[in-house]
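Structure file entry-v3.tsv with TSV, C-alpha atoms:
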chain	number	residue	atom	x	y	z
A	1	MET	CA	-27.88	44.09	-7.96
A	2	THR	CA	-30.18	42.91	-5.16
A	3	SER	CA	-30.83	39.18	-5.01
A	4	THR	CA	-34.44	38.03	-5.07
A	5	VAL	CA	-33.50	34.64	-3.61
A	6	PRO	CA	-34.57	34.34	0.06
A	7	ALA	CA	-31.59	34.44	2.40
A	8	SER	CA	-32.61	31.13	3.98
A	9	LEU	CA	-32.46	29.38	0.60
A	10	THR	CA	-29.11	30.98	-0.23
A	11	ARG	CA	-27.63	29.78	3.06
A	12	SER	CA	-29.08	26.32	2.44
A	13	ALA	CA	-27.51	26.16	-1.03
A	14	GLU	CA	-24.16	27.29	0.32
A	15	ALA	CA	-24.29	24.68	3.09
A	16	ALA	CA	-24.96	21.95	0.54
A	17	ALA	CA	-22.26	23.10	-1.88
A	18	LEU	CA	-19.03	21.32	-2.72
A	19	GLN	CA	-16.32	22.96	-0.59
A	20	ALA	CA	-13.19	21.04	-1.61
A	21	VAL	CA	-11.86	18.11	-3.59
A	22	PHE	CA	-9.20	15.74	-2.26
A	23	LEU	CA	-7.35	13.36	-4.54
A	24	ASP	CA	-5.17	10.35	-3.89
A	25	MET	CA	-1.93	10.14	-5.87
A	26	ASP	CA	-0.66	6.65	-6.81
A	27	GLY	CA	-3.12	4.86	-9.07
A	28	THR	CA	-5.56	7.77	-8.98
A	29	LEU	CA	-3.78	10.73	-10.59
A	30	VAL	CA	-0.60	8.98	-11.68
A	31	ASP	CA	-0.23	5.46	-13.05
A	32	THR	CA	2.34	4.34	-10.47
A	33	GLU	CA	0.76	1.49	-8.49
A	34	GLY	CA	2.69	-0.88	-10.74
A	35	PHE	CA	5.87	1.09	-10.04
A	36	TRP	CA	5.55	0.35	-6.32
A	37	TRP	CA	5.06	-3.37	-6.91
A	38	ASP	CA	8.00	-3.52	-9.31
A	39	ALA	CA	10.16	-1.72	-6.75
A	40	GLU	CA	9.11	-4.19	-4.06
A	41	VAL	CA	9.82	-7.17	-6.33
A	42	GLU	CA	13.28	-5.82	-7.22
A	43	VAL	CA	14.27	-4.95	-3.66
A	44	PHE	CA	13.23	-8.35	-2.32
A	45	ALA	CA	14.98	-10.10	-5.21
A	46	ASP	CA	18.16	-8.32	-4.12
A	47	LEU	CA	17.51	-9.69	-0.64
A	48	GLY	CA	17.14	-13.21	-2.03
A	49	HIS	CA	13.35	-13.50	-1.92
A	50	ARG	CA	10.65	-13.87	-4.56
A	51	LEU	CA	7.34	-12.12	-3.98
A	52	ASP	CA	4.11	-13.97	-4.63
A	53	GLU	CA	1.91	-12.10	-7.12
A	54	ALA	CA	-1.07	-12.69	-4.81
A	55	TRP	CA	0.54	-10.42	-2.21
A	56	ARG	CA	0.13	-7.48	-4.57
A	57	ASP	CA	-3.56	-7.21	-3.73
A	58	VAL	CA	-2.69	-7.12	-0.02
A	59	VAL	CA	-0.14	-4.29	-0.16
A	60	VAL	CA	-1.70	-2.07	-2.84
A	61	GLY	CA	-2.72	1.35	-1.60
A	62	GLY	CA	-1.49	0.73	1.91
A	63	PRO	CA	0.88	2.89	3.95
A	64	MET	CA	4.56	2.06	3.61
A	65	THR	CA	4.85	0.69	7.15
A	66	ARG	CA	1.97	-1.75	6.64
A	67	SER	CA	2.99	-2.90	3.16
A	68	ALA	CA	6.67	-3.27	3.97
A	69	GLY	CA	5.93	-4.93	7.29
A	70	TYR	CA	3.66	-7.45	5.62
A	71	LEU	CA	6.30	-8.34	3.03
A	72	ILE	CA	9.01	-8.77	5.67
A	73	GLU	CA	6.76	-11.14	7.59
A	74	ALA	CA	5.63	-13.00	4.47
A	75	THR	CA	9.15	-13.56	3.16
A	76	GLY	CA	11.08	-13.79	6.41
A	77	ALA	CA	13.63	-11.35	4.98
A	78	ASP	CA	16.44	-10.37	7.33
A	79	ILE	CA	15.88	-6.61	7.23
A	80	THR	CA	14.34	-4.03	9.54
A	81	LEU	CA	11.31	-1.97	8.60
A	82	PRO	CA	13.25	1.35	8.57
A	83	GLU	CA	15.95	-0.19	6.35
A	84	LEU	CA	13.38	-1.59	3.91
A	85	THR	CA	11.48	1.69	3.79
A	86	VAL	CA	14.60	3.51	2.63
A	87	LEU	CA	15.34	0.90	-0.04
A	88	LEU	CA	11.77	0.95	-1.40
A	89	ASN	CA	11.60	4.75	-1.53
A	90	ASP	CA	15.00	4.88	-3.26
A	91	ARG	CA	13.97	2.31	-5.87
A	92	PHE	CA	10.60	3.98	-6.47
A	93	GLU	CA	12.23	7.39	-6.80
A	94	GLU	CA	14.56	5.98	-9.44
A	95	ARG	CA	11.54	4.83	-11.43
A	96	ILE	CA	9.58	8.08	-11.27
A	97	GLY	CA	12.75	9.92	-12.22
A	98	ARG	CA	12.26	8.47	-15.70
A	99	GLY	CA	8.82	10.07	-15.95
A	100	VAL	CA	5.43	9.81	-14.28
A	101	PRO	CA	2.49	8.82	-16.51
A	102	LEU	CA	-0.76	10.58	-15.62
A	103	MET	CA	-3.99	8.63	-15.48
A	104	PRO	CA	-6.49	9.36	-18.28
A	105	GLY	CA	-8.54	12.42	-17.36
A	106	ALA	CA	-6.23	13.57	-14.55
A	107	GLU	CA	-4.81	16.68	-16.21
A	108	ARG	CA	-8.22	17.75	-17.48
A	109	LEU	CA	-9.83	17.37	-14.04
A	110	LEU	CA	-7.06	19.27	-12.23
A	111	THR	CA	-7.22	22.07	-14.78
A	112	GLU	CA	-11.00	22.35	-14.41
A	113	LEU	CA	-10.87	22.47	-10.61
A	114	ALA	CA	-8.19	25.16	-10.72
A	115	ALA	CA	-10.13	27.20	-13.28
A	116	HIS	CA	-13.14	27.26	-10.94
A	117	ASN	CA	-11.04	27.98	-7.82
A	118	VAL	CA	-12.11	24.78	-6.08
A	119	PRO	CA	-9.78	24.13	-3.12
A	120	THR	CA	-7.93	20.93	-4.02
A	121	ALA	CA	-5.56	18.81	-1.95
A	122	LEU	CA	-3.32	15.86	-2.74
A	123	VAL	CA	-3.70	13.24	0.01
A	124	SER	CA	-1.35	10.26	-0.22
A	125	ALA	CA	0.07	7.47	1.92
A	126	SER	CA	3.38	7.99	0.13
A	127	HIS	CA	6.17	9.81	1.95
A	128	ARG	CA	6.87	13.52	1.48
A	129	ARG	CA	10.03	12.92	-0.57
A	130	ILE	CA	7.98	10.95	-3.10
A	131	ILE	CA	5.05	13.35	-3.18
A	132	ASP	CA	7.30	16.31	-3.91
A	133	ARG	CA	8.85	14.48	-6.87
A	134	VAL	CA	5.45	13.57	-8.31
A	135	LEU	CA	4.08	17.07	-7.75
A	136	ALA	CA	6.62	18.32	-10.25
A	137	SER	CA	4.79	16.28	-12.91
A	138	LEU	CA	1.25	16.98	-11.69
A	139	GLY	CA	1.84	20.72	-11.27
A	140	PRO	CA	2.01	21.99	-7.68
A	141	GLN	CA	-0.08	25.02	-8.68
A	142	HIS	CA	-3.12	22.74	-8.87
A	143	PHE	CA	-3.10	22.04	-5.12
A	144	ALA	CA	-3.80	24.23	-2.11
A	145	LEU	CA	-1.91	21.71	0.01
A	146	SER	CA	-0.68	18.14	0.13
A	147	VAL	CA	-0.68	15.57	2.94
A	148	ALA	CA	1.96	12.83	3.06
A	149	GLY	CA	1.77	9.49	4.83
A	150	ASP	CA	4.79	10.26	7.01
A	151	GLU	CA	3.30	13.56	8.20
A	152	VAL	CA	0.36	12.16	10.17
A	153	PRO	CA	0.37	9.93	13.28
A	154	ARG	CA	-2.05	7.55	11.54
A	155	THR	CA	-2.25	7.38	7.77
A	156	LYS	CA	-4.79	5.56	5.58
A	157	PRO	CA	-7.03	3.63	6.28
A	158	HIS	CA	-7.47	5.97	9.26
A	159	PRO	CA	-9.37	9.22	8.59
A	160	ASP	CA	-6.55	11.49	9.86
A	161	PRO	CA	-5.10	12.50	6.45
A	162	TYR	CA	-8.46	13.60	5.10
A	163	LEU	CA	-9.46	15.36	8.30
A	164	LEU	CA	-6.15	17.24	8.18
A	165	ALA	CA	-6.76	18.20	4.55
A	166	ALA	CA	-10.26	19.48	5.37
A	167	GLN	CA	-8.90	21.47	8.27
A	168	GLY	CA	-6.14	22.88	6.06
A	169	VAL	CA	-8.57	24.30	3.49
A	170	GLY	CA	-11.21	25.25	6.06
A	171	ALA	CA	-13.84	22.83	4.76
A	172	ASP	CA	-16.47	20.61	6.32
A	173	PRO	CA	-15.45	16.99	5.53
A	174	SER	CA	-19.05	16.15	4.66
A	175	ARG	CA	-18.89	18.80	1.91
A	176	CYS	CA	-15.67	17.40	0.45
A	177	ALA	CA	-15.40	14.96	-2.45
A	178	VAL	CA	-12.58	12.43	-2.42
A	179	VAL	CA	-11.26	10.48	-5.39
A	180	GLU	CA	-9.49	7.22	-4.48
A	181	ASP	CA	-8.40	4.03	-6.26
A	182	THR	CA	-8.00	1.50	-3.40
A	183	ALA	CA	-10.12	0.09	-0.60
A	184	THR	CA	-7.62	1.45	1.94
A	185	GLY	CA	-8.01	5.00	0.66
A	186	VAL	CA	-11.77	4.69	0.36
A	187	ALA	CA	-11.97	3.52	3.98
A	188	ALA	CA	-9.96	6.55	5.12
A	189	ALA	CA	-12.12	9.02	3.23
A	190	GLU	CA	-15.39	7.47	4.36
A	191	ALA	CA	-14.21	7.37	7.98
A	192	ALA	CA	-13.54	11.11	7.67
A	193	GLY	CA	-17.13	11.65	6.54
A	194	CYS	CA	-16.31	12.60	2.95
A	195	ARG	CA	-18.21	11.69	-0.18
A	196	VAL	CA	-16.16	9.20	-2.19
A	197	VAL	CA	-15.60	8.50	-5.85
A	198	ALA	CA	-13.75	5.20	-6.30
A	199	VAL	CA	-11.76	4.62	-9.47
A	200	PRO	CA	-10.34	1.11	-8.89
A	201	SER	CA	-6.82	0.61	-10.26
A	202	VAL	CA	-5.78	-2.91	-9.20
A	203	VAL	CA	-8.42	-4.43	-6.92
A	204	PRO	CA	-12.19	-4.03	-7.56
A	205	ILE	CA	-14.16	-1.79	-5.19
A	206	PRO	CA	-17.92	-2.35	-4.82
A	207	PRO	CA	-20.43	0.51	-4.76
A	208	ALA	CA	-21.85	1.40	-1.33
A	209	ASP	CA	-23.93	4.01	0.41
A	210	GLY	CA	-22.18	7.35	-0.01
A	211	ARG	CA	-19.75	5.89	-2.56
A	212	VAL	CA	-19.81	5.99	-6.34
A	213	VAL	CA	-17.61	3.71	-8.44
A	214	VAL	CA	-16.50	4.75	-11.94
A	215	ALA	CA	-14.18	3.14	-14.47
A	216	SER	CA	-11.98	6.14	-15.15
A	217	LEU	CA	-11.27	9.74	-14.16
A	218	GLU	CA	-12.57	10.61	-17.59
A	219	GLU	CA	-16.05	10.14	-16.10
A	220	VAL	CA	-15.36	12.69	-13.35
A	221	ASP	CA	-15.73	16.45	-13.74
A	222	LEU	CA	-16.74	19.37	-11.53
A	223	LEU	CA	-20.45	19.01	-12.24
A	224	PHE	CA	-20.25	15.31	-11.35
A	225	LEU	CA	-18.56	16.13	-8.00
A	226	ARG	CA	-21.01	18.91	-7.17
A	227	THR	CA	-23.90	16.57	-7.90
A	228	LEU	CA	-22.47	13.99	-5.49
A	229	ILE	CA	-22.44	16.48	-2.64
A	230	ARG	CA	-25.98	17.66	-3.38
A	231	ALA	CA	-27.19	14.04	-3.58
A	232	LYS	CA	-25.90	13.45	-0.06
A	233	GLN	CA	-28.40	15.88	1.41

Take the structure from the file and write it as structure tokens.
Amino acid sequence: MTSTVPASLTRSAEAAALQAVFLDMDGTLVDTEGFWWDAEVEVFADLGHRLDEAWRDVVVGGPMTRSAGYLIEATGADITLPELTVLLNDRFEERIGRGVPLMPGAERLLTELAAHNVPTALVSASHRRIIDRVLASLGPQHFALSVAGDEVPRTKPHPDPYLLAAQGVGADPSRCAVVEDTATGVAAAEAAGCRVVAVPSVVPIPPADGRVVVASLEEVDLLFLRTLIRAKQ
């Protein structure tokens, strides 16, 4: 069949199309932000320190080095950053070993993206050992690739993880939709030039230019993501 659509319009539509979807992990696809805080509370209790609940908003969504470093400084704990990182990952891994609860709408969204062959990547500040454990619950077949926080020189809030994901799937970052739950992740995605859907898990995130805020992944589907990219033009 010969198309009657002018080639210039076809190329324009292709240029404006959604090319890939990148998703954060903790708090976005899996309900584990609380797991991290519980692990931090338990580890510091073992070290003889009590964490202030207010610190939770500071460390949520951040890379391990930043969160752990902040808690060492805040508590004055006698432990090095590498030592604490191992303890936190071990404690978190124990928790996810008992099961990883998916966020409402996560399984449906991943299934829809896979059914329409939309290149999808998991982009997390968590370390590779943690991502691989969680992928077993999410289904590795849903992702073209995954990017871990300990695999990039600069993780979130820097744009590097999302730029690497875009490069990995051969997409233009400006044609990629990102789903994030924290201000740190949103900052990384926006710095990379991606269109962002924020689904706040612990700390509120305000709407902004190029950013849409929703209450749940249940509000997000492929049509929604495609519309976001078209609206950016």

- [ ] Within 12 Å of Ala171 (chain A), counting all atoms listed in the file, which residues show up once you throw out same-chain ones fewer than 5 positions away? Write them as a PyMOL selection string, please.
- [x] chain A and resi 15-22+118-121+162-166+176-177+193-194

Task: From A:Ala77, A:Met25, A:Phe92, A:Val134, residue lying nearest Glu42 (chain A) [all atoms listed in the file] - done: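 Smallest separation from Glu42 (chain A) among the options: A:Phe92.
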
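Considering all atoms listed in the file, the residue among A:Gly149, A:Pro207, A:Pro82, A:Gly139 positioned nearest to Ser126 (chain A) is A:Gly149.
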
TODO: Can you pull out every residue within 9 Å of region 178-192 of chain A, counting all atoms listed in the file, but drop anything in the same chain fewer than 6 positions away, and send it as a PyMOL selection string?
DONE: chain A and resi 20-28+60-63+124-125+155-163+198-205+210-211+217+225

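One distance worth recording is that between CA of Asp90 (chain A) and CA of Ala54 (chain A), which is 23.9 Å.
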
- [ ] For CA of Leu29 (chain A) and CA of Ala106 (chain A), determine how far apart the two atoms are, in Å to one decimal place.
- [x]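 So the two atoms, CA of Leu29 (chain A) and CA of Ala106 (chain A), lie 5.5 Å apart.
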
Open item on the list: Just to confirm, what's the straight-line distance from CA of Glu83 (chain A) to CA of Asp52 (chain A) in Å (one decimal)?
Closed with: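 Straight-line distance from CA of Glu83 (chain A) to CA of Asp52 (chain A) works out to 21.2 Å.
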
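Proximity of A:Arg98, A:Arg154, A:Arg230, A:Arg129 to Phe35 (chain A), computed with all atoms listed in the file, is greatest for A:Arg98.
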
Open item on the list: I'd like the neighbourhood of Gly48 (chain A) as a PyMOL selection string, where a residue qualifies if any of its atoms comes within 12 Å (using only C-alpha atoms), though same-chain residues fewer than 4 positions away should be ignored.
Closed with: chain A and resi 41-44+75-79

Task: Minimum-distance residue to Glu218 (chain A), chosen among A:Leu145, A:Ala115, A:Ile131, A:Leu102 (using all atoms listed in the file) - done: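 Among A:Leu145, A:Ala115, A:Ile131, A:Leu102, it is A:Leu102 that comes nearest to Glu218 (chain A).
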
Task: Top pick for closest residue to Val100 (chain A), considering A:Arg128, A:Leu81, A:Ser137, A:Thr65 and counting all atoms listed in the file - done: A:Ser137

- [ ] Point out the residue among A:Glu107, A:Ile96, A:Ala74, A:Arg66 with the least atom-to-atom distance to Asp132 (chain A), counting all atoms listed in the file.
- [x]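 Looking only at the distances to Asp132 (chain A), the closest residue turns out to be A:Ile96.
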
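Non-sequential neighbours of Ala68 (chain A) (distance at most 9 Å, separation of 3 or more positions within a chain, all atoms listed in the file) are Glu40, Val59, Pro63, Met64, Thr65, Leu71, Ile72, Glu73, Leu81, Leu84, Thr85 and Leu88 of chain A.
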